[in-house]
file my_file32.txt (compact mmCIF, C-alpha atoms and all ligand atoms)
# COMPACT_ATOMS: atom_id res chain seq x y z
CA MET A 440 0.00 0.00 0.00
CA SER A 441 1.46 3.42 -1.01
CA SER A 442 1.94 6.08 1.60
CA ILE A 443 -0.70 8.17 -0.20
CA GLN A 444 -3.12 5.28 0.25
CA THR A 445 -2.21 5.24 3.94
CA VAL A 446 -3.17 8.90 4.20
CA ALA A 447 -6.49 8.15 2.49
CA GLU A 448 -7.10 5.28 4.91
CA SER A 449 -6.56 7.51 7.92
CA TYR A 450 -9.14 9.98 6.63
CA GLN A 451 -11.87 7.32 6.57
CA GLN A 452 -12.35 7.88 10.29
CA PHE A 453 -12.39 11.70 9.93
CA ASN A 454 -15.33 13.32 11.78
CA PRO A 455 -16.22 16.80 10.44
CA LYS A 456 -18.22 17.78 13.53
CA ALA A 457 -15.34 16.87 15.83
CA TYR A 458 -12.92 18.79 13.58
CA LEU A 459 -15.15 21.87 13.73
CA GLN A 460 -15.47 21.61 17.52
CA ASN A 461 -11.69 21.18 17.92
CA ASN A 462 -10.74 24.21 15.85
CA TYR A 463 -13.62 26.59 15.11
CA VAL A 464 -15.19 27.30 18.49
CA PRO A 465 -13.41 28.97 21.46
CA PRO A 466 -10.61 29.10 22.51
CA ARG A 467 -9.32 29.05 18.95
CA ALA A 468 -12.32 30.96 17.64
CA ASP A 469 -12.04 33.70 20.24
CA PHE A 470 -13.38 36.88 18.66
CA SER A 471 -12.95 38.89 21.86
CA SER A 472 -9.16 39.04 21.60
CA GLU A 473 -7.28 40.93 18.88
CA ASP A 474 -4.41 38.49 19.46
CA SER A 475 -6.51 35.44 18.64
CA VAL A 476 -5.66 33.24 15.69
CA VAL A 477 -9.11 33.69 14.19
CA GLN A 478 -8.75 37.47 14.10
CA TRP A 479 -5.23 37.16 12.68
CA LYS A 480 -6.25 34.78 9.91
CA LEU A 481 -9.36 36.70 8.84
CA ARG A 482 -7.29 39.91 8.82
CA CYS A 483 -4.56 38.35 6.62
CA LEU A 484 -7.16 37.26 4.09
CA ALA A 485 -9.07 40.56 4.16
CA ASP A 486 -5.89 42.63 3.76
CA ALA A 487 -4.65 40.61 0.76
CA CYS A 488 -8.06 40.85 -0.90
CA ALA A 489 -8.26 44.60 -0.28
CA LYS A 490 -5.10 45.34 -2.31
CA GLY A 491 -7.01 45.32 -5.61
CA GLU A 492 -4.60 42.87 -7.28
CA ILE A 493 -6.69 39.69 -6.90
CA GLY A 494 -9.83 39.03 -8.93
CA GLY A 495 -11.38 37.44 -12.01
CA HIS A 496 -13.97 34.84 -13.01
CA THR A 497 -13.17 31.65 -11.11
CA LEU A 498 -11.91 31.06 -7.56
CA VAL A 499 -11.25 27.46 -6.49
CA ASP A 500 -10.90 26.41 -2.84
CA ILE A 501 -8.69 23.31 -2.67
CA GLY A 502 -9.43 21.02 0.27
CA SER A 503 -12.21 23.11 1.82
CA GLY A 504 -12.85 20.61 4.58
CA PRO A 505 -16.15 21.40 6.35
CA THR A 506 -15.36 25.14 6.55
CA VAL A 507 -16.38 28.23 4.55
CA TYR A 508 -14.75 31.08 6.53
CA GLN A 509 -11.59 30.95 4.41
CA LEU A 510 -13.59 32.39 1.49
CA LEU A 511 -15.33 35.28 3.25
CA SER A 512 -13.12 37.98 1.71
CA ALA A 513 -11.90 36.38 -1.51
CA PHE A 514 -15.28 35.25 -2.86
CA GLU A 515 -16.38 38.86 -3.36
CA LEU A 516 -13.72 39.31 -6.07
CA PHE A 517 -14.91 36.49 -8.37
CA ASP A 518 -17.97 35.65 -10.45
CA GLU A 519 -17.92 31.97 -9.48
CA VAL A 520 -16.50 29.95 -6.60
CA VAL A 521 -15.81 26.22 -6.61
CA MET A 522 -15.26 24.42 -3.30
CA SER A 523 -13.74 20.96 -3.03
CA ASP A 524 -12.81 18.17 -0.66
CA TYR A 525 -11.60 14.57 -0.84
CA LEU A 526 -14.24 13.35 1.62
CA GLU A 527 -17.98 13.13 0.92
CA VAL A 528 -18.65 13.79 4.64
CA ASN A 529 -17.00 17.19 4.25
CA ARG A 530 -18.75 17.97 0.95
CA ALA A 531 -22.04 17.08 2.65
CA GLU A 532 -21.24 19.40 5.57
CA LEU A 533 -20.52 22.22 3.12
CA ARG A 534 -23.76 21.62 1.21
CA LYS A 535 -25.67 21.63 4.51
CA TRP A 536 -24.46 25.18 5.21
CA LEU A 537 -24.72 26.37 1.60
CA THR A 538 -28.39 25.31 1.54
CA ASP A 539 -29.12 26.57 5.10
CA GLN A 540 -30.07 23.13 6.43
CA PRO A 541 -30.68 22.40 10.14
CA GLY A 542 -27.57 21.20 11.94
CA ALA A 543 -25.20 23.20 9.75
CA PHE A 544 -22.24 24.83 11.53
CA ASP A 545 -22.87 28.45 12.55
CA TRP A 546 -20.38 30.70 10.71
CA THR A 547 -22.18 33.88 11.81
CA PRO A 548 -19.40 35.15 14.14
CA TYR A 549 -16.93 34.82 11.26
CA ILE A 550 -19.20 36.58 8.77
CA LYS A 551 -19.90 39.40 11.23
CA HIS A 552 -16.18 39.84 11.88
CA VAL A 553 -15.29 40.06 8.19
CA CYS A 554 -18.10 42.60 7.64
CA MET A 555 -16.55 44.67 10.44
CA LEU A 556 -13.07 44.36 8.89
CA GLU A 557 -14.40 45.48 5.49
CA GLY A 558 -16.01 48.50 7.15
CA LYS A 559 -18.84 48.90 4.63
CA GLY A 560 -21.52 48.73 7.33
CA GLU A 561 -23.01 45.78 5.48
CA ALA A 562 -25.47 43.46 7.18
CA TRP A 563 -23.86 40.05 7.74
CA GLN A 564 -26.97 38.36 6.33
CA GLU A 565 -26.26 40.02 2.96
CA LYS A 566 -22.70 38.70 2.81
CA GLN A 567 -23.90 35.24 3.87
CA LYS A 568 -26.54 35.26 1.13
CA ARG A 569 -23.99 36.36 -1.51
CA LEU A 570 -21.49 33.66 -0.54
CA ARG A 571 -24.18 30.98 -0.76
CA GLU A 572 -25.12 32.25 -4.23
CA ARG A 573 -21.50 32.55 -5.47
CA VAL A 574 -20.49 28.95 -4.66
CA LYS A 575 -21.53 27.11 -7.82
CA LYS A 576 -20.02 23.65 -7.20
CA VAL A 577 -18.70 21.44 -4.40
CA LEU A 578 -16.41 18.92 -6.11
CA PRO A 579 -14.34 15.89 -5.13
CA VAL A 580 -10.62 16.66 -5.18
CA ASN A 581 -7.43 14.63 -4.94
CA ILE A 582 -4.34 16.80 -4.77
CA HIS A 583 -2.13 13.77 -5.54
CA GLN A 584 -3.65 13.45 -9.02
CA PRO A 585 -2.11 15.48 -11.88
CA ASN A 586 -5.61 16.82 -12.50
CA PRO A 587 -6.85 17.23 -8.91
CA LEU A 588 -10.41 18.12 -9.98
CA GLY A 589 -10.61 15.70 -12.91
CA LYS A 590 -12.38 16.93 -16.04
CA GLU A 591 -14.44 19.50 -14.12
CA ILE A 592 -11.72 22.16 -13.99
CA ARG A 593 -9.16 22.37 -16.80
CA SER A 594 -5.48 23.18 -16.29
CA GLY A 595 -4.68 26.87 -16.65
CA SER A 596 -8.32 27.92 -16.34
CA VAL A 597 -8.48 29.21 -12.74
CA ASP A 598 -7.94 32.84 -11.75
CA ALA A 599 -7.14 32.17 -8.07
CA LEU A 600 -6.82 29.39 -5.53
CA VAL A 601 -7.44 29.32 -1.80
CA SER A 602 -6.20 26.36 0.22
CA SER A 603 -6.23 26.01 4.01
CA PHE A 604 -4.70 23.25 6.13
CA CYS A 605 -4.73 20.89 3.16
CA LEU A 606 -1.31 20.22 1.58
CA GLU A 607 0.55 19.40 4.81
CA ALA A 608 -2.39 17.49 6.29
CA CYS A 609 -3.03 15.31 3.23
CA SER A 610 0.52 14.42 2.15
CA PRO A 611 2.63 11.56 3.52
CA ASN A 612 5.90 13.48 3.17
CA MET A 613 7.43 16.72 1.84
CA GLU A 614 8.12 15.24 -1.61
CA ALA A 615 4.44 14.39 -2.05
CA LEU A 616 3.42 17.80 -0.69
CA GLU A 617 5.60 19.56 -3.25
CA LYS A 618 4.21 17.39 -6.08
CA ALA A 619 0.68 18.18 -4.91
CA LEU A 620 1.49 21.90 -4.88
CA GLY A 621 2.59 21.49 -8.49
CA HIS A 622 -0.69 19.75 -9.37
CA ILE A 623 -2.86 22.53 -7.97
CA THR A 624 -0.58 25.19 -9.46
CA ASN A 625 -1.25 23.72 -12.94
CA LEU A 626 -4.92 24.70 -12.46
CA LEU A 627 -3.96 28.38 -12.25
CA LYS A 628 -3.66 30.79 -15.17
CA PRO A 629 -0.21 32.41 -15.44
CA GLY A 630 -0.39 35.45 -13.16
CA GLY A 631 -3.05 33.77 -11.03
CA HIS A 632 -2.96 34.09 -7.27
CA LEU A 633 -2.72 31.55 -4.44
CA LEU A 634 -3.82 32.26 -0.87
CA LEU A 635 -2.27 29.40 1.10
CA ILE A 636 -2.80 28.85 4.82
CA GLY A 637 -1.37 26.01 6.84
CA ALA A 638 0.06 24.60 10.04
CA LEU A 639 3.68 25.10 11.06
CA GLU A 640 5.62 22.25 12.67
CA GLU A 641 2.53 20.10 13.16
CA SER A 642 2.97 16.32 13.11
CA TYR A 643 -0.58 15.12 13.86
CA TYR A 644 -4.12 16.22 14.57
CA LEU A 645 -7.29 14.59 15.89
CA ALA A 646 -10.79 14.66 14.38
CA GLY A 647 -13.01 12.33 16.38
CA GLU A 648 -11.72 8.77 15.98
CA ALA A 649 -9.24 9.89 13.33
CA ARG A 650 -5.60 10.61 14.15
CA ILE A 651 -4.09 12.20 11.05
CA ASN A 652 -0.34 12.45 10.44
CA VAL A 653 0.81 15.85 9.17
CA VAL A 654 4.02 16.84 7.36
CA PRO A 655 5.80 19.21 9.78
CA VAL A 656 6.76 22.27 7.71
CA THR A 657 8.67 25.44 8.57
CA GLU A 658 8.32 28.87 6.99
CA GLU A 659 11.51 28.25 4.99
CA MET A 660 10.19 24.93 3.63
CA VAL A 661 6.94 26.57 2.52
CA ARG A 662 8.75 29.54 0.94
CA ASN A 663 11.08 27.17 -0.94
CA ALA A 664 8.20 24.98 -2.13
CA LEU A 665 6.31 28.03 -3.45
CA SER A 666 9.39 29.38 -5.25
CA ASP A 667 10.17 25.94 -6.72
CA SER A 668 6.57 25.78 -8.02
CA GLY A 669 6.99 29.04 -9.93
CA TYR A 670 5.47 31.55 -7.55
CA THR A 671 6.49 35.04 -6.54
CA ILE A 672 5.74 35.45 -2.85
CA LYS A 673 3.81 38.69 -2.29
CA ASP A 674 3.20 38.28 1.43
CA PHE A 675 4.12 35.71 4.06
CA GLN A 676 3.00 35.99 7.67
CA THR A 677 3.26 33.62 10.60
CA TYR A 678 1.31 33.34 13.85
CA ILE A 679 2.78 31.58 16.87
CA MET A 680 0.07 29.53 18.56
CA PRO A 681 -0.20 30.66 22.22
CA SER A 682 -0.34 27.99 24.91
CA THR A 683 -3.99 28.91 25.59
CA MET A 684 -4.84 27.61 22.12
CA LYS A 685 -2.86 24.39 22.45
CA VAL A 686 -5.79 22.27 23.57
CA GLY A 687 -4.60 18.74 22.85
CA VAL A 688 -6.24 18.28 19.45
CA ASP A 689 -2.93 18.61 17.59
CA ASP A 690 0.70 19.63 18.18
CA VAL A 691 0.65 22.70 15.93
CA ASN A 692 3.20 25.38 16.80
CA GLY A 693 2.07 28.11 14.49
CA ILE A 694 0.07 29.06 11.41
CA PHE A 695 1.35 30.53 8.14
CA PHE A 696 -0.39 32.75 5.62
CA ALA A 697 1.14 33.02 2.15
CA TRP A 698 -0.08 35.16 -0.75
CA ALA A 699 1.74 34.05 -3.89
CA GLN A 700 1.40 34.81 -7.61
CA LYS A 701 2.11 32.27 -10.37
CA MET A 702 4.77 33.71 -12.61
CA ALA A 703 3.58 34.46 -16.14
O1 LIG A 801 -5.37 28.19 13.37
S1 LIG A 801 -6.55 27.57 13.85
O2 LIG A 801 -6.64 27.41 15.26
C1 LIG A 801 -6.55 26.01 13.13
C2 LIG A 801 -7.56 25.63 12.29
C3 LIG A 801 -7.52 24.36 11.71
C4 LIG A 801 -6.46 23.52 11.99
C5 LIG A 801 -5.43 23.94 12.84
C6 LIG A 801 -5.48 25.20 13.40
C7 LIG A 801 -4.26 23.08 13.15
N1 LIG A 801 -4.46 21.71 12.73
C8 LIG A 801 -5.00 21.63 11.39
C9 LIG A 801 -4.97 20.21 10.88
F1 LIG A 801 -5.41 20.15 9.59
C10 LIG A 801 -6.40 22.19 11.34
N2 LIG A 801 -7.78 28.41 13.33
C11 LIG A 801 -9.07 28.22 13.95
C12 LIG A 801 -9.84 29.50 14.09
S2 LIG A 801 -10.04 30.30 12.56
C13 LIG A 801 -8.38 30.38 12.03
C14 LIG A 801 -7.72 29.03 12.02

call {"tool": "encode", "arguments": {"input": "my_file32.txt", "output": "structure tokens", "more": "lines below"}}
Ligand SMILES: O=S(=O)(c1ccc2c(c1)CN[C@@H](CF)C2)N1CCSCC1
result
Amino acid sequence: MSSIQTVAESYQQFNPKAYLQNNYVPPRADFSSEDSVVQWKLRCLADACAKGEIGGHTLVDIGSGPTVYQLLSAFELFDEVVMSDYLEVNRAELRKWLTDQPGAFDWTPYIKHVCMLEGKGEAWQEKQKRLRERVKKVLPVNIHQPNPLGKEIRSGSVDALVSSFCLEACSPNMEALEKALGHITNLLKPGGHLLLIGALEESYYLAGEARINVVPVTEEMVRNALSDSGYTIKDFQTYIMPSTMKVGVDDVNGIFFAWAQKMA
């Protein structure tokens, strides 16, 4: 069995609800503190999207998981958004929220915070409604395939990518991570943008019964991988996870945010 197959096996036990509870409610989702990781991450995304350099027709979110918050700033800049995940349980969780079904995760605090950051005085319900309308597809994805989204999305056709906690959490080793980065980069038009978020120096995380191995990466490793894949790095920020947010669900030491542009 290949090491990629081993990764796929470990994800069969993945529980989206447990993952959401571990990471997206307090203390990690603490909106009361400016120093919290949730405020830092939403600010990184909002600032990059406010520069006026990112935009176009199609935005693809690679490895969405069961979360939508990563798109709250970027989606406004595109006509269509495609979300994706390897697991049907995650795609189902996304569709539950996108169609406002009972039991869907409540992203309201995140939507309200991004509306505040954008400072347009917009009602959060309006942004929520627009995001739900803008997401046109929720597709299966496999980053270890040369065409991660199959025939649905052609190489060189995508204006921008977002990807959060995916590459390092779905690859057996750094070599496979770098190949996977190359696969998703092929989806981008030359000059297209990548907003990449991930865990620093994390070796595992828990999601219910699942214990997932993670490739521990440093800032330097991520910078080198992006450069080797033909990107110019436009911004790179790191957040050191405070002890109050180390709650036993993983051994993450920090979070990185990278804004990179595919060289023409
Ligand atoms: O940085 S988080 O605490 C976070 C969010 C998700 C994850 C981790 C950390 C670390 N392990 C990852 C394994 F894939 C998942 N965060 C949660 C609040 S919103 C911003 C992101």

call {"tool": "residues_near_ligand", "arguments": {"input": "my_file32.txt", "ligand": "ligand LIG 801 (chain A)", "cutoff": "10 Å", "atoms": "only C-alpha atoms and all ligand atoms", "output": "ChimeraX atom specification"}}
result
/A:458-470,475-481,504,506,508-509,549,603-609,636-646,651-653,678-680,684-686,688-695

call {"tool": "atom_distance", "arguments": {"input": "my_file32.txt", "atom1": "CA of Asn581 (chain A)", "atom2": "CA of Ala485 (chain A)"}}
result
27.5 Å

call {"tool": "closest_residue", "arguments": {"input": "my_file32.txt", "among": "A:Asp486, A:Glu658, A:Asp674, A:Glu648", "to": "Leu556 (chain A)", "atoms": "all atoms listed in the file"}}
result
A:Asp486

call {"tool": "closest_residue", "arguments": {"input": "my_file32.txt", "among": "A:Ser472, A:Ser596, A:Thr671, A:Ser602", "to": "Gly502 (chain A)", "atoms": "all atoms listed in the file"}}
result
A:Ser602

call {"tool": "closest_residue", "arguments": {"input": "my_file32.txt", "among": "A:Gly491, A:Pro548, A:Gly687, A:Gly630", "to": "Gln567 (chain A)", "atoms": "all atoms listed in the file"}}
result
A:Pro548

call {"tool": "axis_aligned_box", "arguments": {"input": "my_file32.txt", "around": "region 517-525 of chain A", "padding_each_side": "6 Å", "output": "lines of an AutoDock Vina configuration file"}}
result
center_x = -14.8
center_y = 25.5
center_z = -5.6
size_x = 18.4
size_y = 33.9
size_z = 21.8

call {"tool": "atom_distance", "arguments": {"input": "my_file32.txt", "atom1": "CA of Arg573 (chain A)", "atom2": "CA of Ala543 (chain A)"}}
result
18.2 Å

call {"tool": "residues_around", "arguments": {"input": "my_file32.txt", "residues": "Leu484 (chain A)", "least_positions_apart": "2", "cutoff": "10 Å", "atoms": "only C-alpha atoms", "output": "list in words"}}
result
Trp479, Lys480, Leu481, Arg482, Asp486, Ala487, Cys488, Ala489, Gln509, Leu510, Leu511, Ser512, Ala513, Val553, Val601, Leu634, Leu635, Ile636, Phe696, Ala697 and Trp698 of chain A

call {"tool": "closest_residue", "arguments": {"input": "my_file32.txt", "among": "A:Asn454, A:Ser471, A:Thr624, A:Ser594", "to": "Ile501 (chain A)", "atoms": "all atoms listed in the file"}}
result
A:Thr624

call {"tool": "residues_around", "arguments": {"input": "my_file32.txt", "residues": "Ser668 (chain A)", "least_positions_apart": "4", "cutoff": "9 Å", "atoms": "all atoms listed in the file", "output": "ChimeraX atom specification"}}
result
/A:617-618,620-621,624,663-664,701

call {"tool": "residues_around", "arguments": {"input": "my_file32.txt", "residues": "Ser441 (chain A)", "least_positions_apart": "3", "cutoff": "12 Å", "atoms": "only C-alpha atoms", "output": "PDB file with C-alpha atoms, keeping the file's coordinate frame"}}
result
ATOM      1  CA  GLN A 444      -3.120   5.280   0.250  1.00  0.00           C
ATOM      2  CA  THR A 445      -2.210   5.240   3.940  1.00  0.00           C
ATOM      3  CA  VAL A 446      -3.170   8.900   4.200  1.00  0.00           C
ATOM      4  CA  ALA A 447      -6.490   8.150   2.490  1.00  0.00           C
ATOM      5  CA  GLU A 448      -7.100   5.280   4.910  1.00  0.00           C
ATOM      6  CA  HIS A 583      -2.130  13.770  -5.540  1.00  0.00           C
ATOM      7  CA  SER A 610       0.520  14.420   2.150  1.00  0.00           C
ATOM      8  CA  PRO A 611       2.630  11.560   3.520  1.00  0.00           C
ATOM      9  CA  ASN A 612       5.900  13.480   3.170  1.00  0.00           C
ATOM     10  CA  ALA A 615       4.440  14.390  -2.050  1.00  0.00           C
TER      11      ALA A 615
END

call {"tool": "atom_distance", "arguments": {"input": "my_file32.txt", "atom1": "CA of Ile623 (chain A)", "atom2": "CA of Leu537 (chain A)"}}
result
24.2 Å

call {"tool": "closest_residue", "arguments": {"input": "my_file32.txt", "among": "A:Arg534, A:Asp474, A:Glu527, A:Glu492", "to": "Lys673 (chain A)", "atoms": "only C-alpha atoms"}}
result
A:Glu492

call {"tool": "residues_around", "arguments": {"input": "my_file32.txt", "residues": "Arg593 (chain A)", "least_positions_apart": "6", "cutoff": "10 Å", "atoms": "only C-alpha atoms", "output": "PDB file with C-alpha atoms, in the frame of the given file"}}
result
ATOM      1  CA  ASN A 586      -5.610  16.820 -12.500  1.00  0.00           C
ATOM      2  CA  PRO A 587      -6.850  17.230  -8.910  1.00  0.00           C
ATOM      3  CA  ASN A 625      -1.250  23.720 -12.940  1.00  0.00           C
ATOM      4  CA  LEU A 626      -4.920  24.700 -12.460  1.00  0.00           C
ATOM      5  CA  LEU A 627      -3.960  28.380 -12.250  1.00  0.00           C
TER       6      LEU A 627
END

call {"tool": "residues_near_point", "arguments": {"input": "my_file32.txt", "point": "(-13.9, 31.5, -8.8)", "cutoff": "8 Å", "atoms": "all atoms listed in the file", "output": "PyMOL selection string"}}
result
chain A and resi 495-499+514+517-521+597-599

call {"tool": "write_last_selection", "arguments": {"input": "my_file32.txt", "atoms": "C-alpha atoms", "output": "compact mmCIF listing (two decimals), in the frame of the given file"}}
result
# COMPACT_ATOMS: atom_id res chain seq x y z
CA GLY A 495 -11.38 37.44 -12.01
CA HIS A 496 -13.97 34.84 -13.01
CA THR A 497 -13.17 31.65 -11.11
CA LEU A 498 -11.91 31.06 -7.56
CA VAL A 499 -11.25 27.46 -6.49
CA PHE A 514 -15.28 35.25 -2.86
CA PHE A 517 -14.91 36.49 -8.37
CA ASP A 518 -17.97 35.65 -10.45
CA GLU A 519 -17.92 31.97 -9.48
CA VAL A 520 -16.50 29.95 -6.60
CA VAL A 521 -15.81 26.22 -6.61
CA VAL A 597 -8.48 29.21 -12.74
CA ASP A 598 -7.94 32.84 -11.75
CA ALA A 599 -7.14 32.17 -8.07

call {"tool": "residues_near_point", "arguments": {"input": "my_file32.txt", "point": "(-12.2, 22.7, -9.6)", "cutoff": "7 Å", "atoms": "only C-alpha atoms", "output": "number ranges by chain"}}
result
A: 499, 521, 523, 578, 588, 591-592

call {"tool": "decode", "arguments": {"input": "my_file32.txt", "residues": "region 502-516 of chain A", "atoms": "N, CA and C atoms", "output": "mmCIF file, in the first residue's frame"}}
result
data_model
loop_
_atom_site.group_PDB
_atom_site.id
_atom_site.type_symbol
_atom_site.label_atom_id
_atom_site.label_comp_id
_atom_site.auth_asym_id
_atom_site.auth_seq_id
_atom_site.Cartn_x
_atom_site.Cartn_y
_atom_site.Cartn_z
ATOM 1 N N GLY A 502 -9.424 21.660 -1.050
ATOM 2 C CA GLY A 502 -9.430 21.017 0.265
ATOM 3 C C GLY A 502 -10.172 21.854 1.288
ATOM 4 N N SER A 503 -11.407 22.213 0.969
ATOM 5 C CA SER A 503 -12.211 23.113 1.822
ATOM 6 C C SER A 503 -12.439 22.552 3.216
ATOM 7 N N GLY A 504 -12.440 21.194 3.304
ATOM 8 C CA GLY A 504 -12.848 20.614 4.578
ATOM 9 C C GLY A 504 -14.318 20.931 4.795
ATOM 10 N N PRO A 505 -14.749 21.033 6.067
ATOM 11 C CA PRO A 505 -16.151 21.399 6.345
ATOM 12 C C PRO A 505 -16.309 22.883 6.627
ATOM 13 N N THR A 506 -15.363 23.728 6.171
ATOM 14 C CA THR A 506 -15.362 25.143 6.549
ATOM 15 C C THR A 506 -15.534 26.054 5.340
ATOM 16 N N VAL A 507 -16.153 27.233 5.607
ATOM 17 C CA VAL A 507 -16.378 28.231 4.547
ATOM 18 C C VAL A 507 -15.697 29.564 4.867
ATOM 19 N N TYR A 508 -15.246 29.760 6.102
ATOM 20 C CA TYR A 508 -14.746 31.083 6.535
ATOM 21 C C TYR A 508 -13.571 31.554 5.702
ATOM 22 N N GLN A 509 -12.798 30.602 5.167
ATOM 23 C CA GLN A 509 -11.586 30.949 4.413
ATOM 24 C C GLN A 509 -11.902 31.740 3.143
ATOM 25 N N LEU A 510 -13.184 31.742 2.738
ATOM 26 C CA LEU A 510 -13.593 32.393 1.492
ATOM 27 C C LEU A 510 -14.269 33.745 1.709
ATOM 28 N N LEU A 511 -14.453 34.143 2.954
ATOM 29 C CA LEU A 511 -15.332 35.281 3.251
ATOM 30 C C LEU A 511 -14.872 36.597 2.643
ATOM 31 N N SER A 512 -13.572 36.770 2.402
ATOM 32 C CA SER A 512 -13.115 37.981 1.715
ATOM 33 C C SER A 512 -12.923 37.725 0.219
ATOM 34 N N ALA A 513 -12.283 36.634 -0.106
ATOM 35 C CA ALA A 513 -11.897 36.379 -1.508
ATOM 36 C C ALA A 513 -13.101 36.185 -2.434
ATOM 37 N N PHE A 514 -14.180 35.585 -1.935
ATOM 38 C CA PHE A 514 -15.276 35.247 -2.856
ATOM 39 C C PHE A 514 -15.869 36.466 -3.527
ATOM 40 N N GLU A 515 -15.771 37.624 -2.829
ATOM 41 C CA GLU A 515 -16.382 38.863 -3.364
ATOM 42 C C GLU A 515 -15.730 39.302 -4.679
ATOM 43 N N LEU A 516 -14.524 38.812 -4.936
ATOM 44 C CA LEU A 516 -13.719 39.306 -6.073
ATOM 45 C C LEU A 516 -13.888 38.455 -7.331
#
